[in-house]
>>> print(open('protein.cif').read())   # mmCIF, C-alpha atoms and all ligand atoms
data_protein
#
loop_
_atom_site.group_PDB
_atom_site.id
_atom_site.type_symbol
_atom_site.label_atom_id
_atom_site.label_comp_id
_atom_site.auth_asym_id
_atom_site.auth_seq_id
_atom_site.Cartn_x
_atom_site.Cartn_y
_atom_site.Cartn_z
ATOM 1 C CA MET X 1 89.647 99.815 71.444
ATOM 2 C CA PRO X 2 89.900 100.194 75.244
ATOM 3 C CA PHE X 3 86.489 101.841 75.518
ATOM 4 C CA ASN X 4 84.881 98.701 74.075
ATOM 5 C CA LYS X 5 86.077 96.663 77.041
ATOM 6 C CA ALA X 6 83.676 95.627 79.793
ATOM 7 C CA ILE X 7 83.123 96.855 83.349
ATOM 8 C CA ALA X 8 83.654 93.992 85.800
ATOM 9 C CA MET X 9 81.678 93.775 89.030
ATOM 10 C CA LEU X 10 81.788 91.425 91.983
ATOM 11 C CA ASP X 11 79.770 90.604 95.056
ATOM 12 C CA SER X 12 79.148 87.656 97.344
ATOM 13 C CA GLY X 13 75.877 86.978 95.516
ATOM 14 C CA VAL X 14 73.018 88.818 93.847
ATOM 15 C CA GLY X 15 73.406 92.063 95.846
ATOM 16 C CA GLY X 16 75.834 93.633 93.389
ATOM 17 C CA LEU X 17 73.146 93.306 90.712
ATOM 18 C CA THR X 18 71.583 96.400 92.317
ATOM 19 C CA VAL X 19 74.718 98.225 91.121
ATOM 20 C CA VAL X 20 74.411 96.560 87.687
ATOM 21 C CA ARG X 21 70.828 97.862 87.459
ATOM 22 C CA GLU X 22 72.038 101.405 88.107
ATOM 23 C CA ILE X 23 74.922 101.016 85.621
ATOM 24 C CA PHE X 24 72.391 99.962 82.981
ATOM 25 C CA LYS X 25 70.514 103.227 83.597
ATOM 26 C CA GLU X 26 73.535 105.504 83.904
ATOM 27 C CA LEU X 27 75.743 103.881 81.233
ATOM 28 C CA PRO X 28 73.452 101.949 78.896
ATOM 29 C CA ALA X 29 76.096 101.211 76.265
ATOM 30 C CA GLU X 30 78.553 99.586 78.653
ATOM 31 C CA ARG X 31 79.067 95.831 78.756
ATOM 32 C CA ILE X 32 79.069 94.125 82.171
ATOM 33 C CA ILE X 33 80.923 91.071 83.419
ATOM 34 C CA TYR X 34 79.574 90.094 86.832
ATOM 35 C CA PHE X 35 80.721 87.598 89.421
ATOM 36 C CA GLY X 36 78.499 86.494 92.355
ATOM 37 C CA ASP X 37 80.365 84.308 94.830
ATOM 38 C CA THR X 38 77.184 82.470 95.815
ATOM 39 C CA ALA X 39 78.968 79.314 96.986
ATOM 40 C CA ARG X 40 80.830 81.301 99.671
ATOM 41 C CA MET X 41 78.196 83.870 100.640
ATOM 42 C CA PRO X 42 77.448 85.414 103.055
ATOM 43 C CA TYR X 43 80.673 87.391 103.383
ATOM 44 C CA GLY X 44 79.349 89.440 106.313
ATOM 45 C CA PRO X 45 80.204 86.989 109.138
ATOM 46 C CA ARG X 46 83.657 86.111 107.726
ATOM 47 C CA SER X 47 86.949 87.652 108.837
ATOM 48 C CA PRO X 48 88.267 90.643 106.851
ATOM 49 C CA GLY X 49 91.305 88.588 105.786
ATOM 50 C CA GLU X 50 89.152 85.838 104.322
ATOM 51 C CA VAL X 51 86.845 88.254 102.490
ATOM 52 C CA ARG X 52 89.911 90.055 101.108
ATOM 53 C CA ARG X 53 91.346 86.768 99.848
ATOM 54 C CA PHE X 54 88.076 85.872 98.100
ATOM 55 C CA ALA X 55 87.798 89.333 96.540
ATOM 56 C CA GLU X 56 91.407 89.215 95.327
ATOM 57 C CA GLU X 57 90.834 85.795 93.798
ATOM 58 C CA ILE X 58 87.753 87.037 91.943
ATOM 59 C CA ILE X 59 89.468 90.237 90.766
ATOM 60 C CA GLU X 60 92.322 88.105 89.374
ATOM 61 C CA PHE X 61 89.771 86.011 87.500
ATOM 62 C CA LEU X 62 87.939 89.075 86.172
ATOM 63 C CA CYS X 63 91.217 90.599 85.010
ATOM 64 C CA THR X 64 91.652 87.623 82.665
ATOM 65 C CA GLN X 65 88.561 88.917 80.828
ATOM 66 C CA ASP X 66 88.653 91.972 78.596
ATOM 67 C CA ILE X 67 87.873 94.681 81.190
ATOM 68 C CA LYS X 68 88.618 98.392 81.636
ATOM 69 C CA MET X 69 87.352 98.901 85.203
ATOM 70 C CA ALA X 70 86.304 96.802 88.192
ATOM 71 C CA ILE X 71 83.650 97.695 90.744
ATOM 72 C CA VAL X 72 83.734 95.939 94.088
ATOM 73 C CA ALA X 73 79.930 95.958 94.305
ATOM 74 C CA CYS X 74 80.013 94.645 97.847
ATOM 75 C CA ASN X 75 80.393 96.759 100.978
ATOM 76 C CA SER X 76 81.913 93.914 102.989
ATOM 77 C CA ALA X 77 84.637 93.339 100.394
ATOM 78 C CA SER X 78 85.153 97.106 99.936
ATOM 79 C CA ALA X 79 85.528 97.550 103.706
ATOM 80 C CA ALA X 80 87.895 94.584 103.938
ATOM 81 C CA GLY X 81 90.521 95.936 101.557
ATOM 82 C CA LEU X 82 89.679 98.336 98.716
ATOM 83 C CA PRO X 83 93.049 100.192 98.897
ATOM 84 C CA ARG X 84 94.848 96.840 98.581
ATOM 85 C CA TYR X 85 92.935 95.800 95.477
ATOM 86 C CA GLN X 86 93.546 99.244 93.990
ATOM 87 C CA GLY X 87 97.248 99.057 94.716
ATOM 88 C CA THR X 88 97.792 95.792 92.886
ATOM 89 C CA HIS X 89 96.038 96.414 89.558
ATOM 90 C CA GLU X 90 96.404 98.917 86.755
ATOM 91 C CA ILE X 91 92.732 99.318 85.915
ATOM 92 C CA PRO X 92 90.615 101.656 88.078
ATOM 93 C CA ILE X 93 88.910 99.764 90.921
ATOM 94 C CA LEU X 94 85.946 101.370 92.667
ATOM 95 C CA GLY X 95 84.255 100.509 95.933
ATOM 96 C CA VAL X 96 80.729 101.296 97.090
ATOM 97 C CA ILE X 97 81.367 103.042 100.412
ATOM 98 C CA GLU X 98 82.620 106.529 99.480
ATOM 99 C CA PRO X 99 79.895 107.268 96.884
ATOM 100 C CA GLY X 100 77.109 106.437 99.379
ATOM 101 C CA VAL X 101 78.750 108.531 102.085
ATOM 102 C CA ARG X 102 78.891 111.602 99.850
ATOM 103 C CA ALA X 103 75.198 111.267 98.976
ATOM 104 C CA ALA X 104 74.206 110.853 102.635
ATOM 105 C CA LEU X 105 76.192 113.918 103.712
ATOM 106 C CA ALA X 106 74.578 115.964 100.966
ATOM 107 C CA HIS X 107 71.154 115.018 102.278
ATOM 108 C CA THR X 108 71.296 115.070 106.068
ATOM 109 C CA ARG X 109 69.986 118.113 107.906
ATOM 110 C CA SER X 110 69.890 116.671 111.437
ATOM 111 C CA LYS X 111 73.506 115.457 111.049
ATOM 112 C CA LYS X 112 72.425 112.074 112.333
ATOM 113 C CA ILE X 113 73.111 109.377 109.774
ATOM 114 C CA GLY X 114 72.207 105.723 110.187
ATOM 115 C CA VAL X 115 74.219 102.971 108.534
ATOM 116 C CA ILE X 116 73.038 99.397 108.130
ATOM 117 C CA GLY X 117 75.277 96.679 106.760
ATOM 118 C CA THR X 118 76.703 93.240 107.348
ATOM 119 C CA SER X 119 78.557 92.452 110.595
ATOM 120 C CA GLY X 120 81.866 92.687 108.714
ATOM 121 C CA THR X 121 81.103 96.137 107.313
ATOM 122 C CA VAL X 122 79.762 97.527 110.600
ATOM 123 C CA GLU X 123 82.635 96.110 112.650
ATOM 124 C CA SER X 124 85.207 97.511 110.219
ATOM 125 C CA GLY X 125 84.110 101.072 111.070
ATOM 126 C CA ALA X 126 84.656 101.950 107.389
ATOM 127 C CA TYR X 127 81.500 104.075 107.129
ATOM 128 C CA GLU X 128 82.168 106.030 110.331
ATOM 129 C CA ALA X 129 85.722 106.731 109.150
ATOM 130 C CA ALA X 130 84.588 107.845 105.683
ATOM 131 C CA ILE X 131 81.812 110.066 107.096
ATOM 132 C CA ARG X 132 83.997 111.652 109.791
ATOM 133 C CA ALA X 133 86.786 112.304 107.304
ATOM 134 C CA LEU X 134 84.397 114.542 105.380
ATOM 135 C CA ASP X 135 82.349 115.938 108.296
ATOM 136 C CA PRO X 136 83.517 115.273 111.859
ATOM 137 C CA GLY X 137 80.339 116.867 113.240
ATOM 138 C CA VAL X 138 78.049 114.071 112.073
ATOM 139 C CA GLU X 139 76.705 111.468 114.481
ATOM 140 C CA VAL X 140 76.746 107.975 112.975
ATOM 141 C CA ILE X 141 74.515 105.193 114.311
ATOM 142 C CA SER X 142 75.364 101.793 112.812
ATOM 143 C CA ARG X 143 73.592 98.474 113.006
ATOM 144 C CA ALA X 144 74.418 95.077 111.514
ATOM 145 C CA CYS X 145 71.427 93.333 109.893
ATOM 146 C CA PRO X 146 72.890 89.919 109.017
ATOM 147 C CA LEU X 147 69.573 88.211 108.202
ATOM 148 C CA PHE X 148 68.760 90.674 105.416
ATOM 149 C CA VAL X 149 71.296 89.075 103.048
ATOM 150 C CA LEU X 150 69.813 85.615 103.583
ATOM 151 C CA ILE X 151 66.291 86.985 103.087
ATOM 152 C CA VAL X 152 67.303 88.472 99.725
ATOM 153 C CA GLU X 153 69.302 85.462 98.516
ATOM 154 C CA ASN X 154 66.356 83.195 99.363
ATOM 155 C CA ASN X 155 63.841 85.432 97.614
ATOM 156 C CA LEU X 156 61.910 86.123 100.850
ATOM 157 C CA THR X 157 61.670 89.923 100.704
ATOM 158 C CA GLU X 158 57.870 89.768 100.492
ATOM 159 C CA ALA X 159 57.411 87.262 103.363
ATOM 160 C CA PRO X 160 55.497 88.628 106.388
ATOM 161 C CA GLU X 161 58.318 87.586 108.735
ATOM 162 C CA THR X 162 60.648 89.949 106.909
ATOM 163 C CA ARG X 163 58.801 92.962 108.291
ATOM 164 C CA VAL X 164 59.141 91.613 111.836
ATOM 165 C CA VAL X 165 62.897 91.160 111.363
ATOM 166 C CA ALA X 166 63.235 94.631 109.832
ATOM 167 C CA LYS X 167 61.361 96.270 112.722
ATOM 168 C CA GLU X 168 63.633 94.600 115.233
ATOM 169 C CA TYR X 169 66.857 95.586 113.445
ATOM 170 C CA LEU X 170 65.794 99.146 112.663
ATOM 171 C CA ALA X 171 64.273 100.099 116.055
ATOM 172 C CA PRO X 172 67.481 101.670 117.482
ATOM 173 C CA LEU X 173 67.958 103.767 114.336
ATOM 174 C CA LYS X 174 64.396 105.051 114.529
ATOM 175 C CA GLU X 175 64.821 105.845 118.211
ATOM 176 C CA ALA X 176 68.034 107.736 117.502
ATOM 177 C CA GLY X 177 66.112 109.980 115.062
ATOM 178 C CA VAL X 178 68.304 109.604 111.977
ATOM 179 C CA ASP X 179 67.055 111.553 108.931
ATOM 180 C CA THR X 180 69.231 109.596 106.466
ATOM 181 C CA LEU X 181 69.870 105.879 106.335
ATOM 182 C CA ILE X 182 72.685 104.422 104.241
ATOM 183 C CA LEU X 183 71.879 100.980 102.859
ATOM 184 C CA GLY X 184 75.455 99.854 103.436
ATOM 185 C CA CYS X 185 75.102 96.472 101.788
ATOM 186 C CA THR X 186 74.367 96.028 98.110
ATOM 187 C CA HIS X 187 71.703 93.438 98.923
ATOM 188 C CA TYR X 188 69.616 95.963 100.865
ATOM 189 C CA PRO X 189 68.170 98.026 98.000
ATOM 190 C CA LEU X 190 66.215 94.831 97.243
ATOM 191 C CA MET X 191 64.494 95.386 100.599
ATOM 192 C CA GLU X 192 64.029 99.130 100.121
ATOM 193 C CA GLY X 193 60.215 98.743 100.307
ATOM 194 C CA VAL X 194 60.048 97.184 103.743
ATOM 195 C CA ILE X 195 62.962 99.241 105.125
ATOM 196 C CA GLY X 196 61.258 102.445 103.924
ATOM 197 C CA GLN X 197 57.924 101.438 105.491
ATOM 198 C CA VAL X 198 59.539 100.683 108.840
ATOM 199 C CA MET X 199 61.680 103.850 108.922
ATOM 200 C CA GLY X 200 58.827 106.120 107.777
ATOM 201 C CA GLU X 201 58.596 108.826 105.153
ATOM 202 C CA GLY X 202 60.831 111.357 106.857
ATOM 203 C CA VAL X 203 63.926 109.202 106.488
ATOM 204 C CA LYS X 204 65.864 109.270 103.225
ATOM 205 C CA LEU X 205 67.281 105.899 102.164
ATOM 206 C CA VAL X 206 70.619 106.198 100.380
ATOM 207 C CA SER X 207 71.507 103.393 98.003
ATOM 208 C CA SER X 208 75.208 103.336 97.310
ATOM 209 C CA ALA X 209 74.382 101.491 94.067
ATOM 210 C CA ARG X 210 73.070 104.644 92.384
ATOM 211 C CA GLU X 211 75.931 106.795 93.607
ATOM 212 C CA THR X 212 78.514 104.233 92.524
ATOM 213 C CA ALA X 213 77.118 104.191 88.975
ATOM 214 C CA ARG X 214 77.484 107.989 88.821
ATOM 215 C CA GLU X 215 81.033 107.735 90.116
ATOM 216 C CA ALA X 216 81.838 105.092 87.466
ATOM 217 C CA ARG X 217 80.654 107.474 84.747
ATOM 218 C CA LYS X 218 82.867 110.283 86.103
ATOM 219 C CA ILE X 219 85.967 108.099 86.244
ATOM 220 C CA LEU X 220 85.457 106.541 82.804
ATOM 221 C CA THR X 221 84.895 110.009 81.340
ATOM 222 C CA SER X 222 88.032 111.437 82.911
ATOM 223 C CA LEU X 223 90.098 108.488 81.636
ATOM 224 C CA HIS X 224 88.528 108.658 78.142
ATOM 225 C CA LEU X 225 87.268 105.111 78.588
ATOM 226 C CA LEU X 226 83.562 105.813 78.302
ATOM 227 C CA ASN X 227 81.904 103.934 75.481
ATOM 228 C CA PRO X 228 80.942 106.736 73.057
ATOM 229 C CA ASP X 229 77.604 105.016 72.457
ATOM 230 C CA SER X 230 76.610 105.739 76.078
ATOM 231 C CA SER X 231 74.094 108.340 75.023
ATOM 232 C CA ARG X 232 72.335 105.982 72.589
ATOM 233 C CA GLU X 233 68.893 105.217 73.870
ATOM 234 C CA GLU X 234 68.764 101.567 72.920
ATOM 235 C CA GLY X 235 71.896 100.917 74.974
ATOM 236 C CA CYS X 236 74.200 97.924 74.835
ATOM 237 C CA ARG X 237 72.390 95.055 73.220
ATOM 238 C CA GLY X 238 73.342 92.077 75.320
ATOM 239 C CA GLY X 239 76.909 90.907 75.549
ATOM 240 C CA HIS X 240 76.751 90.921 79.335
ATOM 241 C CA ARG X 241 78.180 87.917 81.128
ATOM 242 C CA TYR X 242 77.307 86.565 84.551
ATOM 243 C CA TYR X 243 79.342 84.126 86.589
ATOM 244 C CA CYS X 244 78.569 82.573 89.953
ATOM 245 C CA SER X 245 80.330 80.029 92.113
ATOM 246 C CA GLY X 246 77.147 78.262 93.275
ATOM 247 C CA PRO X 247 74.319 76.710 91.254
ATOM 248 C CA PRO X 248 73.247 79.101 88.459
ATOM 249 C CA ALA X 249 69.438 78.596 88.678
ATOM 250 C CA PRO X 250 68.629 80.668 91.837
ATOM 251 C CA PHE X 251 71.033 83.379 90.702
ATOM 252 C CA GLU X 252 69.379 83.511 87.273
ATOM 253 C CA GLU X 253 65.894 83.686 88.807
ATOM 254 C CA ILE X 254 66.634 86.653 91.089
ATOM 255 C CA GLY X 255 68.757 88.280 88.371
ATOM 256 C CA LYS X 256 65.913 88.136 85.857
ATOM 257 C CA LYS X 257 63.449 89.618 88.345
ATOM 258 C CA LEU X 258 65.818 92.412 89.275
ATOM 259 C CA LEU X 259 67.195 93.332 85.854
ATOM 260 C CA GLN X 260 64.002 92.634 83.892
ATOM 261 C CA GLN X 261 65.908 90.645 81.310
ATOM 262 C CA ARG X 262 67.100 87.108 80.779
ATOM 263 C CA VAL X 263 70.148 86.316 82.887
ATOM 264 C CA LYS X 264 72.236 83.311 81.892
ATOM 265 C CA ALA X 265 74.877 82.487 84.491
ATOM 266 C CA TYR X 266 77.962 80.308 84.156
ATOM 267 C CA ARG X 267 79.366 78.483 87.126
ATOM 268 C CA VAL X 268 83.028 78.995 88.004
ATOM 269 C CA LEU X 269 84.633 77.030 90.821
ATOM 270 C CA PHE X 270 87.744 78.184 92.632
HETATM 271 N N1 LIG Q 1 76.315 92.430 99.317
HETATM 272 C C1 LIG Q 1 77.403 92.403 100.209
HETATM 273 C C2 LIG Q 1 77.684 93.690 100.877
HETATM 274 O O1 LIG Q 1 77.441 94.707 100.261
HETATM 275 C C3 LIG Q 1 77.715 91.135 100.962
HETATM 276 C C4 LIG Q 1 76.677 90.542 101.814
HETATM 277 C C5 LIG Q 1 77.144 89.235 102.433
HETATM 278 O O2 LIG Q 1 77.548 88.349 101.684
HETATM 279 O O3 LIG Q 1 77.110 89.113 103.664
HETATM 280 O O4 LIG Q 1 78.159 93.769 101.970
#
>>> encode(input="protein.cif", output="structure tokens")
Amino acid sequence: MPFNKAIAMLDSGVGGLTVVREIFKELPAERIIYFGDTARMPYGPRSPGEVRRFAEEIIEFLCTQDIKMAIVACNSASAAGLPRYQGTHEIPILGVIEPGVRAALAHTRSKKIGVIGTSGTVESGAYEAAIRALDPGVEVISRACPLFVLIVENNLTEAPETRVVAKEYLAPLKEAGVDTLILGCTHYPLMEGVIGQVMGEGVKLVSSARETAREARKILTSLHLLNPDSSREEGCRGGHRYYCSGPPAPFEEIGKKLLQQRVKAYRVLF
């Protein structure tokens, strides 16, 4: 039955697992097939064309599995070409930018929204365009934070140096007085603690991961593809599959910490 098929997700590394975590909460009966392109991360400094090519390659691979939806759980890959991926496949393909934008607009009172992301995402202007399309009166202050991805992938979020780096990156956003900050990279919710401390209590952090999971539920419901067991408390018992292009061990370690369950990853080389 189509509703028994899995939801596929992709990212350059472990960042998209923040979306998996939210899918587990929002749609506990759904089965996940995840791909982390750890051998080619970070995507942020690469050209949009290259990131698009990688994402297309991974989506092709994921489409060989039994899937009913794909989530591009990576802002850089969403910014580089979501409409293209959507135009070439029959299954619904979601990105992470629009859901986060809607949540940020619902929250802001000062109409000053900060966006942090990779260089690729910030340079693409995808967030500004999505925000202005819905509310042209909003001021958007964006900042690339390229070291954050490396901090997360190397399990250094608790290191004292991380706070120093965060203070440096976030200073212009604090000075601008944003009341809402979009974590425009799926790795960043893993640094929510330090980012929140630096920005202070008055600033709402918007994780596109949570919003994307809600959006996935809406789309699956409207297409009658939602697993009917989604309301069952015990959720989907296993059956999830994780792939990565680099060595599995570091991926498995961070995955286990983040998802609070054993993560066995299989290496796939392109
Ligand atoms: N997690 C990704 C994103 O949301 C990619 C980070 C990277 O590889 O630079 O942008």
>>> residues_around(input="protein.cif", residues="segment 48-65 of chain X", least_positions_apart="4", cutoff="10 Å", atoms="all atoms listed in the file", output="MDAnalysis selection string")
chainID X and resid 5:12 33:37 40:44 69:72 74 76:82 84:85 88:91 93 120:121 123:124 243 268 270
>>> residues_around(input="protein.cif", residues="Asp135 of chain X", least_positions_apart="4", cutoff="10 Å", atoms="only C-alpha atoms", output="PDB file with C-alpha atoms, keeping the file's coordinate frame")
ATOM      1  CA  LEU X 105      76.192 113.918 103.712  1.00  0.00           C
ATOM      2  CA  LYS X 111      73.506 115.457 111.049  1.00  0.00           C
ATOM      3  CA  ALA X 129      85.722 106.731 109.150  1.00  0.00           C
ATOM      4  CA  ALA X 130      84.588 107.845 105.683  1.00  0.00           C
ATOM      5  CA  ILE X 131      81.812 110.066 107.096  1.00  0.00           C
ATOM      6  CA  GLU X 139      76.705 111.468 114.481  1.00  0.00           C
TER       7      GLU X 139
END
>>> closest_residue(input="protein.cif", among="X:Ala166, X:Ala126, X:Cys185, X:Ile219", to="ligand LIG 1 (chain Q)", atoms="all atoms listed in the file")
X:Cys185
>>> closest_residue(input="protein.cif", among="X:Asn227, X:Thr186, X:Thr180, X:Ser110", to="ligand LIG 1 (chain Q)", atoms="all atoms listed in the file")
X:Thr186
>>> axis_aligned_box(input="protein.cif", around="ligand LIG 1 (chain Q)", padding_each_side="4 Å", output="JSON")
{"center_x": 77.2, "center_y": 91.5, "center_z": 101.5, "size_x": 9.8, "size_y": 14.4, "size_z": 12.3}
>>> closest_residue(input="protein.cif", among="X:Val115, X:Ala176, X:Leu134, X:Ala73", to="ligand LIG 1 (chain Q)", atoms="all atoms listed in the file")
X:Ala73
>>> closest_residue(input="protein.cif", among="X:Leu183, X:Ile23, X:Leu173, X:Leu205", to="ligand LIG 1 (chain Q)", atoms="all atoms listed in the file")
X:Leu183
>>> atom_distance(input="protein.cif", atom1="atom CA of Asn75 of chain X", atom2="atom CA of Leu259 of chain X")
20.4 Å
>>> resolve_selection(input="protein.cif", expression="the PyMOL selection byres (((chain X and resi 207) around 8) and not hetatm)", output="JSON, numbers by chain")
{"X": [100, 182, 183, 184, 186, 189, 205, 206, 208, 209, 210, 211]}
>>> atom_distance(input="protein.cif", atom1="atom CA of Thr212 of chain X", atom2="atom CA of Gly13 of chain X")
17.7 Å
>>> closest_residue(input="protein.cif", among="X:Arg214, X:Leu258, X:Lys167, X:Leu150", to="Arg102 of chain X", atoms="only C-alpha atoms")
X:Arg214
>>> closest_residue(input="protein.cif", among="X:Arg163, X:Arg46, X:Lys68, X:His187", to="ligand LIG 1 (chain Q)", atoms="all atoms listed in the file")
X:His187
>>> resolve_selection(input="protein.cif", expression="the PyMOL selection byres (((chain X and resi 155) around 12) and not hetatm)", output="mmCIF file with C-alpha atoms, in the coordinates of the input")
data_model
loop_
_atom_site.group_PDB
_atom_site.id
_atom_site.type_symbol
_atom_site.label_atom_id
_atom_site.label_comp_id
_atom_site.auth_asym_id
_atom_site.auth_seq_id
_atom_site.Cartn_x
_atom_site.Cartn_y
_atom_site.Cartn_z
ATOM 1 C CA VAL X 14 73.018 88.818 93.847
ATOM 2 C CA GLY X 15 73.406 92.063 95.846
ATOM 3 C CA PHE X 148 68.760 90.674 105.416
ATOM 4 C CA VAL X 149 71.296 89.075 103.048
ATOM 5 C CA LEU X 150 69.813 85.615 103.583
ATOM 6 C CA ILE X 151 66.291 86.985 103.087
ATOM 7 C CA VAL X 152 67.303 88.472 99.725
ATOM 8 C CA GLU X 153 69.302 85.462 98.516
ATOM 9 C CA ASN X 154 66.356 83.195 99.363
ATOM 10 C CA LEU X 156 61.910 86.123 100.850
ATOM 11 C CA THR X 157 61.670 89.923 100.704
ATOM 12 C CA GLU X 158 57.870 89.768 100.492
ATOM 13 C CA ALA X 159 57.411 87.262 103.363
ATOM 14 C CA THR X 162 60.648 89.949 106.909
ATOM 15 C CA HIS X 187 71.703 93.438 98.923
ATOM 16 C CA LEU X 190 66.215 94.831 97.243
ATOM 17 C CA MET X 191 64.494 95.386 100.599
ATOM 18 C CA PRO X 250 68.629 80.668 91.837
ATOM 19 C CA PHE X 251 71.033 83.379 90.702
ATOM 20 C CA GLU X 252 69.379 83.511 87.273
ATOM 21 C CA GLU X 253 65.894 83.686 88.807
ATOM 22 C CA ILE X 254 66.634 86.653 91.089
ATOM 23 C CA GLY X 255 68.757 88.280 88.371
ATOM 24 C CA LYS X 257 63.449 89.618 88.345
ATOM 25 C CA LEU X 258 65.818 92.412 89.275
#
>>> atom_distance(input="protein.cif", atom1="atom CA of Tyr169 of chain X", atom2="atom CA of Ser47 of chain X")
22.1 Å
>>> residues_near_point(input="protein.cif", point="(80.3, 103.6, 71.1)", cutoff="8 Å", atoms="all atoms listed in the file", output="list in words")
Phe3, Asn4, Ala29, Asn227, Pro228, Asp229 and Ser230 of chain X
>>> resolve_selection(input="protein.cif", expression="the PyMOL selection byres (((chain X and resi 142) around 7) and not hetatm)", output="PDB file with C-alpha atoms, in the coordinates of the input")
ATOM      1  CA  GLY X 114      72.207 105.723 110.187  1.00  0.00           C
ATOM      2  CA  VAL X 115      74.219 102.971 108.534  1.00  0.00           C
ATOM      3  CA  ILE X 116      73.038  99.397 108.130  1.00  0.00           C
ATOM      4  CA  VAL X 122      79.762  97.527 110.600  1.00  0.00           C
ATOM      5  CA  VAL X 140      76.746 107.975 112.975  1.00  0.00           C
ATOM      6  CA  ILE X 141      74.515 105.193 114.311  1.00  0.00           C
ATOM      7  CA  ARG X 143      73.592  98.474 113.006  1.00  0.00           C
ATOM      8  CA  ALA X 144      74.418  95.077 111.514  1.00  0.00           C
TER       9      ALA X 144
END
>>> decode(input="protein.cif", residues="segment 162-196 of chain X", atoms="C-alpha atoms", output="short mmCIF file (atom, residue, chain, number, x, y, z; two decimals), in the first residue's frame")
data_model
loop_
_atom_site.label_atom_id
_atom_site.label_comp_id
_atom_site.auth_asym_id
_atom_site.auth_seq_id
_atom_site.Cartn_x
_atom_site.Cartn_y
_atom_site.Cartn_z
CA THR X 162 32.05 27.52 20.27
CA ARG X 163 30.59 30.32 22.39
CA VAL X 164 33.31 32.71 21.21
CA VAL X 165 32.56 31.86 17.57
CA ALA X 166 28.82 32.23 18.14
CA LYS X 167 29.24 35.65 19.77
CA GLU X 168 31.28 36.87 16.84
CA TYR X 169 28.82 35.63 14.20
CA LEU X 170 25.69 36.77 16.02
CA ALA X 171 26.84 40.27 17.09
CA PRO X 172 25.39 42.10 14.04
CA LEU X 173 22.02 40.39 14.49
CA LYS X 174 21.89 41.39 18.14
CA GLU X 175 22.83 44.95 17.26
CA ALA X 176 20.11 45.09 14.61
CA GLY X 177 17.53 44.19 17.30
CA VAL X 178 15.87 41.21 15.63
CA ASP X 179 13.09 39.60 17.71
CA THR X 180 13.07 36.37 15.66
CA LEU X 181 16.01 34.38 14.38
CA ILE X 182 15.58 31.69 11.74
CA LEU X 183 18.05 28.83 12.12
CA GLY X 184 18.41 28.57 8.35
CA CYS X 185 20.60 25.49 8.35
CA THR X 186 19.43 22.12 9.60
CA HIS X 187 22.66 21.70 11.56
CA TYR X 188 21.93 24.75 13.72
CA PRO X 189 19.19 23.37 15.98
CA LEU X 190 22.02 21.24 17.42
CA MET X 191 23.54 24.52 18.62
CA GLU X 192 20.25 25.99 19.84
CA GLY X 193 21.60 26.18 23.43
CA VAL X 194 24.57 28.39 22.72
CA ILE X 195 22.76 30.44 20.05
CA GLY X 196 19.89 31.08 22.49
#
